[in-house]
Structure formats: C-alpha cells, structure tokens
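Below: one structure, written as structure tokens.
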Amino acid sequence: VSLDKLVEKSEGLFIYARLLAETIDEGSEIITEKTLDDLPNGIDEYYEQQFNRIFNIECNTEWYDCMEWKVVGFIVVAEEPLHMEFLQQLTGVSKTQALKEVIKKLSRFFPEYNDKRVHTYHKSLADWLTNDDNGSDFN
C-alpha cells in the first residue's frame, strides 16, 4: 500500500487519514492500489461520500426531509453541543429511543458523549456543511 498515495488523497489533513482509517477498520477488504485509487480526494469528497451513504440508506424521502438531516441541522447551527433532551424538544420526537437511533446512525460525525450532549466530530465537518462553495448537495 502506497503511503504517498494516502498522503496525496488526504491533502495533508490528519483528520482525513483518521476518518479513513476508521472506515477501513469497519470493512474487511484488503487495501490495494485500486482501493487507494477509489478513495475520495480530500476531506470534502470524503464527507460527501459518507453523507450520500447515510442519507441514501436512511431516508425514504428527499434527504432534507428526513429526521437525520433535521438533527444534523440543529447540531451544526448550535453554538455548543446540544443536550439530548433539548434536541428531542427541537425535533419533536416523542420517544427518546427513536432519537437515540437517529444519533446512533449519525454517531461517526455527531457523537453523544457521557455528558448526554451531541457534539460535532470536527470543525471541518461543520465548515463543509455550511459552505455554499463546496459544491455539495448537503448545504
């Protein structure tokens, strides 16, 4: 496996390498030159790919109408991590377990920590989601 290729794909961003390592750990495929060539170029493409995967799997309707996307919107615009109870009020979800399932689906990027607050994994994610110039369908 070419370390140079991975550095090139990551555009020098450690966060990309870390997220990529987590993604690779979840799978069981062997890493080859072809696998490396198929990796997204940079963090923006990585986020785009992962959000397409999440929202294509989880939403039976347009991505912006699904509960997962509403939760993402509230988390990203908040000035601080949102407490699960407050997030439940914002979303109007009546059952705590239903909201926990949504958070579980989003947990790679929006983890719930011991303080019962949902955090944004990294500032680059919030920046990507709120940047109109990145060409993403998700902003």
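Going by the structure tokens order, chains are called A, B, ..., each with residues numbered from 1, while ligands are numbered from 1 in the order shown.
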
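The residue set within 6 Å of stretch 36-49 of chain A, counting only C-alpha atoms and dropping same-chain residues fewer than 2 places from it, reads Lys9, Ser10, Glu11, Tyr16, Glu33, Lys34, Phe51 and Asn52 of chain A.
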
Residues near A:Phe74, cut-off 12 Å, only C-alpha atoms, skip fewer than 2 positions along chain, as a list in words: Met67, Glu68, Trp69, Lys70, Val71, Val72, Val76, Val77, Ala78, Glu79, Glu80, Pro81, Leu82, His83, Met84, Phe86, Leu87, Gln88, Gln89, Leu90, Thr91, Phe110, Val118, His119, Thr120, Ala126 and Leu129 of chain A

Take the residues just selected and output them with N, CA, C and O atoms as a compact mmCIF listing (two decimals), in the first residue's frame.
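Okay, this is what ended up in again.txt:
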# COMPACT_ATOMS: atom_id res chain seq x y z
N MET A 67 -35.51 12.85 9.28
CA MET A 67 -35.19 13.24 10.66
C MET A 67 -33.68 13.37 10.87
O MET A 67 -33.22 14.27 11.56
N GLU A 68 -32.90 12.50 10.25
CA GLU A 68 -31.44 12.58 10.40
C GLU A 68 -30.93 13.95 9.97
O GLU A 68 -30.09 14.55 10.64
N TRP A 69 -31.44 14.43 8.85
CA TRP A 69 -30.98 15.73 8.36
C TRP A 69 -31.41 16.86 9.27
O TRP A 69 -30.67 17.82 9.49
N LYS A 70 -32.61 16.78 9.81
CA LYS A 70 -33.08 17.81 10.74
C LYS A 70 -32.19 17.86 11.97
O LYS A 70 -31.82 18.94 12.45
N VAL A 71 -31.82 16.70 12.47
CA VAL A 71 -30.93 16.63 13.63
C VAL A 71 -29.57 17.24 13.29
O VAL A 71 -29.03 18.04 14.06
N VAL A 72 -29.03 16.89 12.13
CA VAL A 72 -27.75 17.46 11.69
C VAL A 72 -27.84 18.98 11.66
O VAL A 72 -26.95 19.68 12.14
N VAL A 76 -25.42 21.45 13.91
CA VAL A 76 -24.41 22.28 13.24
C VAL A 76 -24.58 23.76 13.53
O VAL A 76 -23.60 24.48 13.67
N VAL A 77 -25.81 24.22 13.64
CA VAL A 77 -26.01 25.66 13.86
C VAL A 77 -25.94 26.05 15.34
O VAL A 77 -25.86 27.24 15.66
N ALA A 78 -25.95 25.08 16.22
CA ALA A 78 -25.89 25.38 17.65
C ALA A 78 -24.52 25.92 18.03
O ALA A 78 -23.50 25.50 17.48
N GLU A 79 -24.50 26.83 18.98
CA GLU A 79 -23.23 27.41 19.43
C GLU A 79 -22.45 26.45 20.34
O GLU A 79 -21.26 26.65 20.56
N GLU A 80 -23.12 25.46 20.87
CA GLU A 80 -22.47 24.49 21.74
C GLU A 80 -23.16 23.14 21.54
O GLU A 80 -24.25 23.08 20.95
N PRO A 81 -22.55 22.06 21.98
CA PRO A 81 -23.18 20.75 21.83
C PRO A 81 -24.57 20.74 22.47
O PRO A 81 -24.79 21.33 23.52
N LEU A 82 -25.51 20.06 21.81
CA LEU A 82 -26.88 20.03 22.28
C LEU A 82 -27.15 18.83 23.18
O LEU A 82 -26.77 17.71 22.86
N HIS A 83 -27.81 19.09 24.29
CA HIS A 83 -28.22 18.02 25.20
C HIS A 83 -29.32 17.21 24.51
O HIS A 83 -30.16 17.75 23.79
N MET A 84 -29.30 15.91 24.73
CA MET A 84 -30.28 15.03 24.09
C MET A 84 -31.72 15.46 24.38
O MET A 84 -32.57 15.41 23.48
N PHE A 86 -32.89 18.47 24.97
CA PHE A 86 -33.18 19.67 24.20
C PHE A 86 -33.33 19.32 22.72
O PHE A 86 -34.24 19.81 22.03
N LEU A 87 -32.49 18.45 22.22
CA LEU A 87 -32.58 18.00 20.83
C LEU A 87 -33.92 17.30 20.58
O LEU A 87 -34.55 17.48 19.54
N GLN A 88 -34.37 16.55 21.57
CA GLN A 88 -35.67 15.89 21.46
C GLN A 88 -36.80 16.92 21.35
O GLN A 88 -37.71 16.78 20.55
N GLN A 89 -36.71 17.97 22.14
CA GLN A 89 -37.71 19.05 22.06
C GLN A 89 -37.67 19.75 20.71
O GLN A 89 -38.71 20.03 20.11
N LEU A 90 -36.48 20.05 20.23
CA LEU A 90 -36.32 20.73 18.95
C LEU A 90 -36.90 19.93 17.79
O LEU A 90 -37.54 20.49 16.90
N THR A 91 -36.66 18.64 17.81
CA THR A 91 -37.09 17.78 16.70
C THR A 91 -38.54 17.35 16.81
O THR A 91 -39.14 16.94 15.83
N PHE A 110 -21.40 12.83 14.61
CA PHE A 110 -22.07 13.57 15.68
C PHE A 110 -22.23 12.66 16.90
O PHE A 110 -23.31 12.17 17.19
N VAL A 118 -24.75 16.02 22.22
CA VAL A 118 -24.32 15.57 20.90
C VAL A 118 -23.37 16.62 20.34
O VAL A 118 -23.72 17.80 20.26
N HIS A 119 -22.18 16.18 19.98
CA HIS A 119 -21.11 17.06 19.54
C HIS A 119 -20.88 16.89 18.04
O HIS A 119 -21.17 15.84 17.48
N THR A 120 -20.29 17.90 17.42
CA THR A 120 -19.81 17.77 16.05
C THR A 120 -18.41 17.20 16.12
O THR A 120 -17.57 17.70 16.88
N ALA A 126 -18.51 20.86 10.19
CA ALA A 126 -19.45 21.98 10.26
C ALA A 126 -19.15 22.98 9.15
O ALA A 126 -20.07 23.51 8.51
N LEU A 129 -20.45 21.56 5.88
CA LEU A 129 -21.91 21.58 5.81
C LEU A 129 -22.48 22.98 5.60
O LEU A 129 -23.59 23.13 5.08

Residue neighbourhood A:Gln50, 12 Å, only C-alpha atoms, exclusion window fewer than 6 positions, as JSON, numbers by chain: {"A": [19, 20, 23, 39, 40, 43, 44, 56, 57, 105, 106, 108, 109, 125, 136, 138]}

In Å to one decimal, how far is atom CA of A:Leu13 from atom CA of A:Arg53?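 About the pair atom CA of A:Arg53 and atom CA of A:Leu13: they are 22.0 Å apart.
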
Would you list, as an MDAnalysis selection string, the residues of stretch 1-138 of chain A that end up in helix (DSSP H, G or I) under DSSP run on this structure's backbone? chainID A and resid 3:10 14:26 33:38 42:58 63:65 67:77 84:91 96:106 123:130 132:134

Kindly export the residues of the current selection with C-alpha atoms, as a short mmCIF file (atom, residue, chain, number, x, y, z; two decimals), in the first residue's frame.
data_model
loop_
_atom_site.label_atom_id
_atom_site.label_comp_id
_atom_site.auth_asym_id
_atom_site.auth_seq_id
_atom_site.Cartn_x
_atom_site.Cartn_y
_atom_site.Cartn_z
CA LEU A 3 1.78 5.78 1.83
CA ASP A 4 2.43 8.50 -0.73
CA LYS A 5 -0.96 7.84 -2.34
CA LEU A 6 -2.70 8.09 1.04
CA VAL A 7 -0.94 11.37 1.81
CA GLU A 8 -1.96 12.67 -1.61
CA LYS A 9 -5.60 11.67 -1.09
CA SER A 10 -5.67 13.20 2.38
CA PHE A 14 -4.65 14.21 9.56
CA ILE A 15 -8.42 14.22 10.18
CA TYR A 16 -8.93 12.65 6.75
CA ALA A 17 -6.39 9.94 7.49
CA ARG A 18 -8.06 9.21 10.83
CA LEU A 19 -11.57 9.02 9.35
CA LEU A 20 -10.27 6.89 6.53
CA ALA A 21 -8.60 4.51 8.97
CA GLU A 22 -11.90 4.16 10.86
CA THR A 23 -13.74 3.46 7.59
CA ILE A 24 -11.17 0.85 6.57
CA ASP A 25 -11.36 -0.80 10.02
CA GLU A 26 -15.12 -1.24 9.57
CA GLU A 33 -3.58 0.24 -5.18
CA LYS A 34 -7.06 0.04 -6.77
CA THR A 35 -8.68 0.56 -3.36
CA LEU A 36 -6.50 3.60 -2.79
CA ASP A 37 -7.33 4.98 -6.23
CA ASP A 38 -11.04 4.70 -5.41
CA GLY A 42 -9.65 15.14 0.28
CA ILE A 43 -11.93 15.71 3.22
CA ASP A 44 -14.70 17.38 1.21
CA GLU A 45 -15.14 14.36 -1.06
CA TYR A 46 -14.94 12.06 1.96
CA TYR A 47 -17.75 13.94 3.73
CA GLU A 48 -19.81 14.00 0.53
CA GLN A 49 -19.40 10.23 0.07
CA GLN A 50 -20.27 9.43 3.68
CA PHE A 51 -23.31 11.72 3.77
CA ASN A 52 -24.57 10.27 0.50
CA ARG A 53 -24.26 6.82 2.06
CA ILE A 54 -26.03 7.84 5.28
CA PHE A 55 -28.89 9.67 3.63
CA ASN A 56 -29.42 7.24 0.75
CA ILE A 57 -29.73 4.39 3.23
CA GLU A 58 -31.68 6.10 5.99
CA TRP A 63 -32.64 13.77 2.23
CA TYR A 64 -33.61 17.22 3.51
CA ASP A 65 -36.99 15.90 4.74
CA MET A 67 -35.19 13.24 10.66
CA GLU A 68 -31.44 12.58 10.40
CA TRP A 69 -30.98 15.73 8.36
CA LYS A 70 -33.08 17.81 10.74
CA VAL A 71 -30.93 16.63 13.63
CA VAL A 72 -27.75 17.46 11.69
CA GLY A 73 -29.08 20.96 11.03
CA PHE A 74 -29.81 21.66 14.68
CA ILE A 75 -26.42 20.35 15.81
CA VAL A 76 -24.41 22.28 13.24
CA VAL A 77 -26.01 25.66 13.86
CA MET A 84 -30.28 15.03 24.09
CA GLU A 85 -33.38 16.29 25.93
CA PHE A 86 -33.18 19.67 24.20
CA LEU A 87 -32.58 18.00 20.83
CA GLN A 88 -35.67 15.89 21.46
CA GLN A 89 -37.71 19.05 22.06
CA LEU A 90 -36.32 20.73 18.95
CA THR A 91 -37.09 17.78 16.70
CA THR A 96 -36.24 9.10 23.43
CA GLN A 97 -35.29 5.76 21.88
CA ALA A 98 -36.25 7.00 18.40
CA LEU A 99 -33.89 9.95 18.75
CA LYS A 100 -31.14 7.69 20.10
CA GLU A 101 -31.48 5.55 16.95
CA VAL A 102 -31.05 8.64 14.78
CA ILE A 103 -27.99 9.72 16.77
CA LYS A 104 -26.57 6.21 16.50
CA LYS A 105 -26.82 6.42 12.69
CA LEU A 106 -25.01 9.77 12.75
CA LYS A 123 -14.92 21.76 12.89
CA SER A 124 -14.10 20.85 9.28
CA LEU A 125 -17.42 18.97 9.12
CA ALA A 126 -19.45 21.98 10.26
CA ASP A 127 -17.50 24.15 7.83
CA TRP A 128 -18.22 21.73 4.98
CA LEU A 129 -21.91 21.58 5.81
CA THR A 130 -22.28 25.35 5.90
CA ASP A 132 -22.09 27.10 -0.15
CA ASP A 133 -18.97 26.98 -2.34
CA ASN A 134 -18.03 23.34 -1.85
#

Residues of chain A in strand (DSSP E or B) according to DSSP, as a PyMOL selection string? chain A and resi 82-83+112+117-118

File dump, residues just selected, N, CA, C and O atoms, as a PDB file, in the first residue's frame:
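What follows is the written file out22.pdb:
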ATOM      1  N   LEU A  82     -25.506  20.060  21.806  1.00  0.00           N
ATOM      2  CA  LEU A  82     -26.884  20.032  22.283  1.00  0.00           C
ATOM      3  C   LEU A  82     -27.146  18.835  23.180  1.00  0.00           C
ATOM      4  O   LEU A  82     -26.769  17.709  22.859  1.00  0.00           O
ATOM      5  N   HIS A  83     -27.812  19.092  24.290  1.00  0.00           N
ATOM      6  CA  HIS A  83     -28.222  18.021  25.197  1.00  0.00           C
ATOM      7  C   HIS A  83     -29.319  17.206  24.512  1.00  0.00           C
ATOM      8  O   HIS A  83     -30.158  17.753  23.791  1.00  0.00           O
ATOM      9  N   GLU A 112     -22.518  11.239  20.722  1.00  0.00           N
ATOM     10  CA  GLU A 112     -23.079  11.618  22.019  1.00  0.00           C
ATOM     11  C   GLU A 112     -22.077  11.170  23.075  1.00  0.00           C
ATOM     12  O   GLU A 112     -21.736   9.996  23.162  1.00  0.00           O
ATOM     13  N   ARG A 117     -24.678  15.094  25.647  1.00  0.00           N
ATOM     14  CA  ARG A 117     -24.738  16.125  24.620  1.00  0.00           C
ATOM     15  C   ARG A 117     -24.193  15.543  23.318  1.00  0.00           C
ATOM     16  O   ARG A 117     -23.278  14.728  23.319  1.00  0.00           O
ATOM     17  N   VAL A 118     -24.752  16.017  22.222  1.00  0.00           N
ATOM     18  CA  VAL A 118     -24.316  15.572  20.905  1.00  0.00           C
ATOM     19  C   VAL A 118     -23.370  16.624  20.344  1.00  0.00           C
ATOM     20  O   VAL A 118     -23.719  17.799  20.256  1.00  0.00           O
TER      21      VAL A 118
END
